[in-house]
$ cat final.cif   # mmCIF, C-alpha atoms, pLDDT in the B column; chains and numbers go by the auth columns
data_work
#
loop_
_atom_site.group_PDB
_atom_site.id
_atom_site.type_symbol
_atom_site.label_atom_id
_atom_site.label_comp_id
_atom_site.label_asym_id
_atom_site.label_seq_id
_atom_site.Cartn_x
_atom_site.Cartn_y
_atom_site.Cartn_z
_atom_site.B_iso_or_equiv
_atom_site.auth_seq_id
_atom_site.auth_asym_id
ATOM 1 C CA MET A 1 90.854 85.356 229.843 57.00 1 G
ATOM 2 C CA ASN A 2 92.229 84.196 226.487 82.00 2 G
ATOM 3 C CA ASN A 3 89.643 81.413 226.332 93.00 3 G
ATOM 4 C CA ILE A 4 86.888 83.937 226.955 97.00 4 G
ATOM 5 C CA LEU A 5 88.119 86.141 224.122 97.00 5 G
ATOM 6 C CA LYS A 6 88.483 83.120 221.840 96.00 6 G
ATOM 7 C CA ASP A 7 84.877 82.082 222.509 96.00 7 G
ATOM 8 C CA TYR A 8 83.699 85.645 222.015 98.00 8 G
ATOM 9 C CA ASN A 9 85.460 85.998 218.678 97.00 9 G
ATOM 10 C CA GLN A 10 84.130 82.654 217.444 96.00 10 G
ATOM 11 C CA LYS A 11 80.506 82.947 218.553 97.00 11 G
ATOM 12 C CA GLY A 12 80.000 86.629 219.167 98.00 12 G
ATOM 13 C CA TYR A 13 78.877 86.141 222.757 98.00 13 G
ATOM 14 C CA VAL A 14 79.976 84.690 226.082 98.00 14 G
ATOM 15 C CA LYS A 15 78.406 84.314 229.509 98.00 15 G
ATOM 16 C CA LEU A 16 80.265 85.062 232.740 98.00 16 G
ATOM 17 C CA GLU A 17 78.683 83.734 235.910 98.00 17 G
ATOM 18 C CA LYS A 18 78.376 85.517 239.250 97.00 18 G
ATOM 19 C CA LEU A 19 80.233 88.695 238.367 98.00 19 G
ATOM 20 C CA PHE A 20 77.960 90.442 240.866 98.00 20 G
ATOM 21 C CA ASP A 21 76.417 88.978 244.005 98.00 21 G
ATOM 22 C CA LYS A 22 72.725 89.254 244.823 98.00 22 G
ATOM 23 C CA SER A 23 73.226 91.809 247.576 98.00 23 G
ATOM 24 C CA PHE A 24 74.990 94.166 245.178 98.00 24 G
ATOM 25 C CA ILE A 25 72.246 93.704 242.563 98.00 25 G
ATOM 26 C CA SER A 26 69.715 94.581 245.282 98.00 26 G
ATOM 27 C CA ASN A 27 71.647 97.799 245.908 98.00 27 G
ATOM 28 C CA VAL A 28 71.639 98.531 242.192 98.00 28 G
ATOM 29 C CA LEU A 29 67.857 98.111 242.196 98.00 29 G
ATOM 30 C CA GLU A 30 67.610 100.738 244.937 98.00 30 G
ATOM 31 C CA ASP A 31 69.513 103.145 242.686 98.00 31 G
ATOM 32 C CA ILE A 32 67.176 102.288 239.821 98.00 32 G
ATOM 33 C CA LYS A 33 64.112 103.013 241.984 96.00 33 G
ATOM 34 C CA ASN A 34 65.437 106.533 242.548 97.00 34 G
ATOM 35 C CA LEU A 35 66.315 107.334 238.921 96.00 35 G
ATOM 36 C CA LYS A 36 65.802 110.898 237.732 96.00 36 G
ATOM 37 C CA ASP A 37 66.485 112.662 234.425 96.00 37 G
ATOM 38 C CA VAL A 38 66.109 109.540 232.294 97.00 38 G
ATOM 39 C CA ASP A 39 64.364 108.594 229.044 96.00 39 G
ATOM 40 C CA ILE A 40 61.399 106.240 229.398 95.00 40 G
ATOM 41 C CA TYR A 41 59.795 104.054 226.728 94.00 41 G
ATOM 42 C CA LYS A 42 56.692 101.891 226.884 93.00 42 G
ATOM 43 C CA ASP A 43 55.605 99.040 224.630 90.00 43 G
ATOM 44 C CA SER A 44 52.466 99.064 222.490 90.00 44 G
ATOM 45 C CA ASN A 45 50.476 97.753 225.454 89.00 45 G
ATOM 46 C CA GLY A 46 51.542 100.631 227.646 92.00 46 G
ATOM 47 C CA LEU A 47 53.878 98.516 229.780 93.00 47 G
ATOM 48 C CA LEU A 48 57.174 100.049 230.865 94.00 48 G
ATOM 49 C CA ARG A 49 59.722 98.656 228.428 94.00 49 G
ATOM 50 C CA ARG A 50 62.970 100.579 228.714 96.00 50 G
ATOM 51 C CA ILE A 51 64.727 103.328 230.667 97.00 51 G
ATOM 52 C CA GLU A 52 67.814 104.969 229.167 97.00 52 G
ATOM 53 C CA ARG A 53 70.658 107.151 230.483 98.00 53 G
ATOM 54 C CA VAL A 54 71.022 105.295 233.769 98.00 54 G
ATOM 55 C CA TYR A 55 74.632 104.154 234.241 98.00 55 G
ATOM 56 C CA ASN A 56 75.800 107.099 236.386 98.00 56 G
ATOM 57 C CA LYS A 57 72.589 107.843 238.311 97.00 57 G
ATOM 58 C CA GLY A 58 73.626 106.245 241.609 98.00 58 G
ATOM 59 C CA GLU A 59 76.701 105.072 243.484 98.00 59 G
ATOM 60 C CA ASN A 60 76.009 101.387 242.889 98.00 60 G
ATOM 61 C CA LEU A 61 75.289 101.962 239.206 98.00 61 G
ATOM 62 C CA LYS A 62 78.583 103.852 238.920 98.00 62 G
ATOM 63 C CA LYS A 63 80.425 100.999 240.624 98.00 63 G
ATOM 64 C CA LEU A 64 78.786 98.458 238.322 98.00 64 G
ATOM 65 C CA ASP A 65 80.034 100.368 235.273 98.00 65 G
ATOM 66 C CA LEU A 66 83.584 100.475 236.659 98.00 66 G
ATOM 67 C CA VAL A 67 83.584 96.739 237.393 98.00 67 G
ATOM 68 C CA VAL A 68 82.301 95.938 233.899 98.00 68 G
ATOM 69 C CA LYS A 69 84.885 98.176 232.233 98.00 69 G
ATOM 70 C CA GLN A 70 87.680 96.516 234.190 98.00 70 G
ATOM 71 C CA LYS A 71 86.387 93.087 233.205 98.00 71 G
ATOM 72 C CA LEU A 72 86.294 94.111 229.550 98.00 72 G
ATOM 73 C CA LYS A 73 89.843 95.440 229.763 98.00 73 G
ATOM 74 C CA ASN A 74 90.980 92.136 231.275 97.00 74 G
ATOM 75 C CA ILE A 75 89.370 90.218 228.399 97.00 75 G
ATOM 76 C CA PHE A 76 90.090 92.429 225.392 97.00 76 G
ATOM 77 C CA GLY A 77 93.329 94.017 226.520 97.00 77 G
ATOM 78 C CA PHE A 78 92.359 97.673 226.122 98.00 78 G
ATOM 79 C CA ASP A 79 90.206 100.321 227.797 98.00 79 G
ATOM 80 C CA PHE A 80 86.575 101.032 226.973 98.00 80 G
ATOM 81 C CA ASN A 81 84.200 103.982 227.268 98.00 81 G
ATOM 82 C CA ILE A 82 80.482 103.589 227.721 98.00 82 G
ATOM 83 C CA PHE A 83 78.573 104.528 224.577 98.00 83 G
ATOM 84 C CA LYS A 84 74.942 103.991 225.564 98.00 84 G
ATOM 85 C CA ASP A 85 72.881 102.244 228.206 98.00 85 G
ATOM 86 C CA LYS A 86 69.400 100.970 228.903 97.00 86 G
ATOM 87 C CA TYR A 87 67.430 99.169 231.561 98.00 87 G
ATOM 88 C CA ASN A 88 65.054 96.686 229.928 97.00 88 G
ATOM 89 C CA LEU A 89 62.206 95.581 232.152 96.00 89 G
ATOM 90 C CA LYS A 90 60.009 93.136 230.221 96.00 90 G
ATOM 91 C CA PRO A 91 57.333 92.606 232.896 96.00 91 G
ATOM 92 C CA PRO A 92 54.755 89.797 232.642 97.00 92 G
ATOM 93 C CA GLY A 93 53.008 90.323 229.316 96.00 93 G
ATOM 94 C CA GLY A 94 55.860 92.535 228.103 95.00 94 G
ATOM 95 C CA GLU A 95 56.582 92.447 224.381 95.00 95 G
ATOM 96 C CA GLY A 96 59.592 90.676 222.950 95.00 96 G
ATOM 97 C CA PHE A 97 62.273 91.963 220.628 94.00 97 G
ATOM 98 C CA LEU A 98 62.390 90.882 217.017 96.00 98 G
ATOM 99 C CA CYS A 99 65.640 89.463 215.655 97.00 99 G
ATOM 100 C CA HIS A 100 68.082 92.318 215.151 98.00 100 G
ATOM 101 C CA TYR A 101 71.605 93.623 215.209 98.00 101 G
ATOM 102 C CA ASP A 102 72.358 96.656 217.343 97.00 102 G
ATOM 103 C CA GLY A 103 73.100 100.005 215.770 97.00 103 G
ATOM 104 C CA VAL A 104 72.753 98.922 212.136 98.00 104 G
ATOM 105 C CA PHE A 105 70.249 101.412 210.727 96.00 105 G
ATOM 106 C CA TYR A 106 70.131 104.778 209.031 96.00 106 G
ATOM 107 C CA PHE A 107 68.853 107.894 210.727 94.00 107 G
ATOM 108 C CA TYR A 108 68.391 111.482 209.590 92.00 108 G
ATOM 109 C CA ASP A 109 69.749 114.358 211.661 90.00 109 G
ATOM 110 C CA LEU A 110 68.252 117.809 212.166 88.00 110 G
ATOM 111 C CA ASN A 111 69.610 118.914 208.794 90.00 111 G
ATOM 112 C CA ASN A 112 68.154 115.804 207.146 90.00 112 G
ATOM 113 C CA ASN A 113 71.599 114.280 206.581 94.00 113 G
ATOM 114 C CA LYS A 114 71.617 110.496 206.355 95.00 114 G
ATOM 115 C CA LYS A 115 73.692 108.904 209.124 95.00 115 G
ATOM 116 C CA LYS A 116 74.925 105.340 209.655 97.00 116 G
ATOM 117 C CA GLY A 117 73.375 104.516 213.024 96.00 117 G
ATOM 118 C CA TRP A 118 75.919 103.775 215.737 98.00 118 G
ATOM 119 C CA TYR A 119 78.647 103.623 213.108 98.00 119 G
ATOM 120 C CA GLU A 120 78.746 107.407 213.016 97.00 120 G
ATOM 121 C CA TYR A 121 80.598 107.183 216.325 98.00 121 G
ATOM 122 C CA ALA A 122 82.709 103.996 216.164 98.00 122 G
ATOM 123 C CA ASP A 123 82.992 100.699 214.298 97.00 123 G
ATOM 124 C CA TYR A 124 83.409 98.280 217.221 98.00 124 G
ATOM 125 C CA PHE A 125 80.779 97.821 219.912 98.00 125 G
ATOM 126 C CA VAL A 126 80.590 95.426 222.848 98.00 126 G
ATOM 127 C CA ASN A 127 77.285 94.924 224.640 98.00 127 G
ATOM 128 C CA VAL A 128 77.086 93.774 228.236 98.00 128 G
ATOM 129 C CA GLY A 129 73.821 92.485 229.668 98.00 129 G
ATOM 130 C CA ILE A 130 73.682 92.321 233.461 98.00 130 G
ATOM 131 C CA ALA A 131 70.946 90.042 234.807 98.00 131 G
ATOM 132 C CA ILE A 132 68.849 91.780 237.455 98.00 132 G
ATOM 133 C CA ASP A 133 66.411 88.839 237.494 98.00 133 G
ATOM 134 C CA SER A 134 66.899 85.204 236.639 98.00 134 G
ATOM 135 C CA CYS A 135 66.528 85.144 232.864 98.00 135 G
ATOM 136 C CA THR A 136 65.163 81.861 231.544 98.00 136 G
ATOM 137 C CA GLU A 137 63.241 80.470 228.630 97.00 137 G
ATOM 138 C CA GLU A 138 60.105 80.807 230.777 97.00 138 G
ATOM 139 C CA ASN A 139 60.350 84.595 231.100 98.00 139 G
ATOM 140 C CA ALA A 140 61.761 85.081 227.605 98.00 140 G
ATOM 141 C CA THR A 141 65.499 85.443 227.984 98.00 141 G
ATOM 142 C CA LEU A 142 67.899 86.345 225.186 98.00 142 G
ATOM 143 C CA GLU A 143 68.359 84.087 222.191 98.00 143 G
ATOM 144 C CA MET A 144 71.692 84.425 220.415 98.00 144 G
ATOM 145 C CA SER A 145 72.947 83.386 216.991 98.00 145 G
ATOM 146 C CA GLN A 146 76.440 83.367 215.470 98.00 146 G
ATOM 147 C CA ILE A 147 78.216 86.702 215.016 98.00 147 G
ATOM 148 C CA HIS A 148 78.183 88.294 211.548 98.00 148 G
ATOM 149 C CA ASN A 149 81.651 89.762 211.007 97.00 149 G
ATOM 150 C CA LEU A 150 80.679 92.187 208.276 98.00 150 G
ATOM 151 C CA PRO A 151 81.012 95.951 207.681 97.00 151 G
ATOM 152 C CA PHE A 152 77.997 98.235 208.036 98.00 152 G
ATOM 153 C CA GLU A 153 77.337 98.367 204.296 98.00 153 G
ATOM 154 C CA LYS A 154 76.842 94.588 204.186 98.00 154 G
ATOM 155 C CA LEU A 155 75.070 94.272 207.536 98.00 155 G
ATOM 156 C CA ILE A 156 72.422 96.800 206.482 98.00 156 G
ATOM 157 C CA LEU A 157 71.481 94.555 203.544 98.00 157 G
ATOM 158 C CA ASN A 158 70.388 91.888 206.056 98.00 158 G
ATOM 159 C CA THR A 159 67.988 94.303 207.752 98.00 159 G
ATOM 160 C CA LYS A 160 64.594 95.674 206.818 97.00 160 G
ATOM 161 C CA ASN A 161 66.279 99.065 206.391 95.00 161 G
ATOM 162 C CA ASP A 162 63.258 100.793 207.927 93.00 162 G
ATOM 163 C CA GLY A 163 65.004 102.902 210.568 92.00 163 G
ATOM 164 C CA THR A 164 65.387 99.928 212.891 93.00 164 G
ATOM 165 C CA PRO A 165 68.066 97.210 212.948 96.00 165 G
ATOM 166 C CA VAL A 166 65.514 94.388 212.575 97.00 166 G
ATOM 167 C CA LEU A 167 66.688 91.547 210.344 98.00 167 G
ATOM 168 C CA LEU A 168 64.812 90.348 207.284 98.00 168 G
ATOM 169 C CA GLU A 169 62.733 87.255 207.964 98.00 169 G
ATOM 170 C CA SER A 170 64.541 85.480 205.122 98.00 170 G
ATOM 171 C CA VAL A 171 67.843 86.079 206.945 98.00 171 G
ATOM 172 C CA GLU A 172 66.488 85.095 210.360 98.00 172 G
ATOM 173 C CA LYS A 173 65.168 81.777 209.043 98.00 173 G
ATOM 174 C CA LYS A 174 68.693 80.692 208.144 98.00 174 G
ATOM 175 C CA LEU A 175 70.050 81.311 211.661 98.00 175 G
ATOM 176 C CA ASP A 176 70.423 78.919 214.572 98.00 176 G
ATOM 177 C CA PHE A 177 69.710 80.378 218.005 98.00 177 G
ATOM 178 C CA GLN A 178 70.874 79.390 221.463 98.00 178 G
ATOM 179 C CA ILE A 179 68.853 80.262 224.556 98.00 179 G
ATOM 180 C CA LEU A 180 71.030 82.166 227.009 98.00 180 G
ATOM 181 C CA ASN A 181 69.966 81.488 230.596 98.00 181 G
ATOM 182 C CA LEU A 182 71.296 83.915 233.195 98.00 182 G
ATOM 183 C CA ASN A 183 71.151 83.904 236.970 98.00 183 G
ATOM 184 C CA ILE A 184 71.012 87.123 238.979 98.00 184 G
ATOM 185 C CA GLY A 185 74.427 88.787 238.758 98.00 185 G
ATOM 186 C CA ASP A 186 75.553 86.884 235.648 98.00 186 G
ATOM 187 C CA ILE A 187 76.530 88.900 232.594 98.00 187 G
ATOM 188 C CA ALA A 188 76.335 88.269 228.861 98.00 188 G
ATOM 189 C CA ILE A 189 78.953 89.927 226.659 98.00 189 G
ATOM 190 C CA PHE A 190 78.056 90.083 222.979 98.00 190 G
ATOM 191 C CA SER A 191 78.859 91.936 219.795 98.00 191 G
ATOM 192 C CA ASN A 192 76.409 94.377 218.276 98.00 192 G
ATOM 193 C CA THR A 193 76.572 92.260 215.089 98.00 193 G
ATOM 194 C CA THR A 194 75.480 89.101 216.878 98.00 194 G
ATOM 195 C CA PRO A 195 71.853 88.519 215.822 98.00 195 G
ATOM 196 C CA HIS A 196 69.682 88.318 218.921 98.00 196 G
ATOM 197 C CA ARG A 197 66.029 88.271 219.847 98.00 197 G
ATOM 198 C CA SER A 198 63.657 87.458 222.677 97.00 198 G
ATOM 199 C CA LYS A 199 60.028 86.437 222.947 97.00 199 G
ATOM 200 C CA GLU A 200 57.088 87.952 224.788 97.00 200 G
ATOM 201 C CA ASN A 201 57.194 87.324 228.524 97.00 201 G
ATOM 202 C CA ASN A 202 54.314 84.930 229.146 97.00 202 G
ATOM 203 C CA SER A 203 55.421 84.119 232.695 98.00 203 G
ATOM 204 C CA SER A 204 54.425 85.808 235.946 98.00 204 G
ATOM 205 C CA PHE A 205 58.017 86.990 236.536 96.00 205 G
ATOM 206 C CA SER A 206 59.790 90.070 235.231 97.00 206 G
ATOM 207 C CA ARG A 207 62.916 89.764 233.086 98.00 207 G
ATOM 208 C CA ARG A 208 64.946 92.812 234.025 98.00 208 G
ATOM 209 C CA ILE A 209 68.373 93.357 232.452 98.00 209 G
ATOM 210 C CA LEU A 210 70.762 96.291 232.320 98.00 210 G
ATOM 211 C CA TYR A 211 72.301 96.635 228.857 98.00 211 G
ATOM 212 C CA TYR A 212 75.430 98.711 228.523 98.00 212 G
ATOM 213 C CA THR A 213 77.211 99.251 225.217 98.00 213 G
ATOM 214 C CA TYR A 214 80.928 100.051 225.202 98.00 214 G
ATOM 215 C CA VAL A 215 83.403 101.189 222.566 98.00 215 G
ATOM 216 C CA PRO A 216 87.210 101.116 222.629 98.00 216 G
ATOM 217 C CA GLU A 217 88.605 104.220 224.307 98.00 217 G
ATOM 218 C CA ARG A 218 90.298 105.299 221.056 98.00 218 G
ATOM 219 C CA PHE A 219 86.882 106.383 219.719 98.00 219 G
ATOM 220 C CA GLY A 220 86.528 108.923 222.515 98.00 220 G
ATOM 221 C CA ASN A 221 83.506 109.593 224.688 98.00 221 G
ATOM 222 C CA ASN A 222 80.392 110.012 222.537 97.00 222 G
ATOM 223 C CA TYR A 223 77.781 109.228 225.196 98.00 223 G
ATOM 224 C CA GLU A 224 76.278 112.722 225.408 97.00 224 G
ATOM 225 C CA LYS A 225 76.556 113.287 221.663 96.00 225 G
ATOM 226 C CA TYR A 226 74.806 110.020 220.906 96.00 226 G
ATOM 227 C CA TYR A 227 71.836 110.839 223.103 95.00 227 G
ATOM 228 C CA LEU A 228 71.593 114.377 221.743 94.00 228 G
ATOM 229 C CA ASP A 229 71.648 113.029 218.188 93.00 229 G
ATOM 230 C CA LYS A 230 69.071 110.424 219.117 90.00 230 G
ATOM 231 C CA LYS A 231 66.797 113.064 220.610 90.00 231 G
ATOM 232 C CA ASN A 232 67.091 115.211 217.496 90.00 232 G
ATOM 233 C CA SER A 233 66.815 112.368 215.001 88.00 233 G
ATOM 234 C CA ARG A 234 64.006 112.646 212.500 83.00 234 G
ATOM 235 C CA ASN A 235 63.492 108.875 212.726 77.00 235 G
ATOM 236 C CA LYS A 236 60.580 108.000 214.961 64.00 236 G
ATOM 237 C CA THR A 237 61.489 104.327 214.809 59.00 237 G
ATOM 238 C CA SER A 238 65.102 104.806 215.846 45.00 238 G
ATOM 239 C CA LYS A 239 64.463 106.854 218.952 44.00 239 G
ATOM 240 C CA SER A 240 63.661 103.885 221.157 43.00 240 G
ATOM 241 C CA LEU A 241 65.435 101.444 218.831 40.00 241 G
ATOM 242 C CA SER A 242 62.566 99.144 219.649 39.00 242 G
ATOM 243 C CA ALA A 243 62.423 95.918 217.712 35.00 243 G
ATOM 244 C CA ASN A 244 58.640 95.841 217.903 34.00 244 G
#

$ encode --input "final.cif" --output "structure tokens"
Amino acid sequence: MNNILKDYNQKGYVKLEKLFDKSFISNVLEDIKNLKDVDIYKDSNGLLRRIERVYNKGENLKKLDLVVKQKLKNIFGFDFNIFKDKYNLKPPGGEGFLCHYDGVFYFYDLNNNKKKGWYEYADYFVNVGIAIDSCTEENATLEMSQIHNLPFEKLILNTKNDGTPVLLESVEKKLDFQILNLNIGDIAIFSNTTPHRSKENNSSFSRRILYYTYVPERFGNNYEKYYLDKKNSRNKTSKSLSAN
């Protein structure tokens, strides 16, 4: 595991192959088909783009979360709590995501107080993408650049500072990106400060991925608080955190 952590710290992302087998992913999909009490977002073309608040809405989804948390503990050496989750669909014709960090934006709460995005809740975030489909260049998989190990106040200067975490084009142009191909059941682990993006899906195949974000256990469990704050945020752009 030390080599995995070393790679993660150097690049900001790693890929682990075959953490889940195809039969388990099929069972997860059955849970997803029966989701209730979730938040749904569509892209500008009306295509289903994202479903949030999913991780505990089925026995297989619950098991997946437990397996991922154990894997993270094995790698990082401490326990994690889930902070937020989403199921990204990106069907054929589905929009891409502009180059962005995760959680680096300002939002305004119900009392119009300015808040520092995810950093209101913690200062260390680990994303885990679980491939539900094969994710390739053809169906617009993730593209990753090198991690930016900077505090919020410096990261925000690299963004458009428009309520989303989208990076300035001048910053993006200086970055080198690697295409991250994933087979069904593979996972990608990456920092929220690793610039990432993906293109429009011009293939005839969906690119479905579960994205879970975790924080070290020492920050407590802010899952419900985060989604309540998100619901009540005065930022229209931050509510789906869409990069389009």

$ atom_distance --input "final.cif" --atom1 "CA of Ser198 (chain G)" --atom2 "CA of Pro91 (chain G)"
13.1 Å

$ closest_residue --input "final.cif" --among "G:Phe80, G:Asn139, G:Tyr101, G:Glu120" --to "Leu168 (chain G)" --atoms "only C-alpha atoms"
G:Tyr101

$ residues_around --input "final.cif" --residues "Lys116 (chain G)" --least-positions-apart "2" --cutoff "7 Å" --atoms "all atoms listed in the file" --output "PDB file with C-alpha atoms, keeping the file's coordinate frame"
ATOM      1  CA  PHE G 105      70.249 101.412 210.727  1.00 96.00           C
ATOM      2  CA  TYR G 106      70.131 104.778 209.031  1.00 96.00           C
ATOM      3  CA  PHE G 107      68.853 107.894 210.727  1.00 94.00           C
ATOM      4  CA  LYS G 114      71.617 110.496 206.355  1.00 95.00           C
ATOM      5  CA  TRP G 118      75.919 103.775 215.737  1.00 98.00           C
ATOM      6  CA  TYR G 119      78.647 103.623 213.108  1.00 98.00           C
ATOM      7  CA  GLU G 120      78.746 107.407 213.016  1.00 97.00           C
TER       8      GLU G 120
END

$ axis_aligned_box --input "final.cif" --around "region 209-212 of chain G" --padding-each-side "4 Å" --output "JSON"
{"center_x": 71.9, "center_y": 96.0, "center_z": 230.5, "size_x": 15.1, "size_y": 13.4, "size_z": 11.9}

$ residues_around --input "final.cif" --residues "Lys225 (chain G)" --least-positions-apart "5" --cutoff "10 Å" --atoms "only C-alpha atoms" --output "PyMOL selection string"
chain G and resi 83+121+230-231

$ resolve_selection --input "final.cif" --expression "the PyMOL selection byres ((chain G and resi 151) around 10)" --output "list in words"
Val104, Tyr119, Asp123, His148, Asn149, Leu150, Phe152, Glu153, Lys154, Leu155, Ile156 and Thr193 of chain G

$ resolve_selection --input "final.cif" --expression "the PyMOL selection byres ((chain G and resi 207) around 8)" --output "list of chain:residue names"
G:Asn88, G:Leu89, G:Lys90, G:Pro91, G:Ile132, G:Asp133, G:Ser134, G:Cys135, G:Asn139, G:Ala140, G:Thr141, G:Asn201, G:Phe205, G:Ser206, G:Arg208, G:Ile209

$ resolve_selection --input "final.cif" --expression "the PyMOL selection byres ((chain G and resi 126) around 6)" --output "PyMOL selection string"
chain G and resi 125+127+190-191+213-214

$ closest_residue --input "final.cif" --among "G:Asp85, G:Asp21, G:Asp79, G:Glu52" --to "Tyr212 (chain G)" --atoms "only C-alpha atoms"
G:Asp85

$ closest_residue --input "final.cif" --among "G:Asn192, G:Glu200, G:Leu228, G:Arg218" --to "Asp109 (chain G)" --atoms "only C-alpha atoms"
G:Leu228

$ closest_residue --input "final.cif" --among "G:Leu98, G:Ile189, G:Ile40, G:Leu110" --to "Ile75 (chain G)" --atoms "only C-alpha atoms"
G:Ile189

$ closest_residue --input "final.cif" --among "G:Asn113, G:Thr164, G:Thr194, G:Asn222" --to "Ile147 (chain G)" --atoms "all atoms listed in the file"
G:Thr194

$ residues_around --input "final.cif" --residues "Ser170 (chain G)" --least-positions-apart "5" --cutoff "10 Å" --atoms "all atoms listed in the file" --output "list of chain:residue names"
G:Asn158, G:Thr159, G:Leu175

$ residues_around --input "final.cif" --residues "Lys62 (chain G)" --least-positions-apart "6" --cutoff "10 Å" --atoms "only C-alpha atoms" --output "CSV table (one decimal) with C-alpha atoms, in the coordinates of the input"
chain,number,residue,atom,x,y,z
G,28,VAL,CA,71.6,98.5,242.2
G,31,ASP,CA,69.5,103.1,242.7
G,54,VAL,CA,71.0,105.3,233.8
G,55,TYR,CA,74.6,104.2,234.2
G,56,ASN,CA,75.8,107.1,236.4

$ atom_distance --input "final.cif" --atom1 "CA of Glu172 (chain G)" --atom2 "CA of Cys99 (chain G)"
6.9 Å

$ closest_residue --input "final.cif" --among "G:Leu72, G:Asp162, G:Leu35, G:Glu138" --to "Arg53 (chain G)" --atoms "all atoms listed in the file"
G:Leu35

$ atom_distance --input "final.cif" --atom1 "CA of His196 (chain G)" --atom2 "CA of Tyr87 (chain G)"
16.8 Å
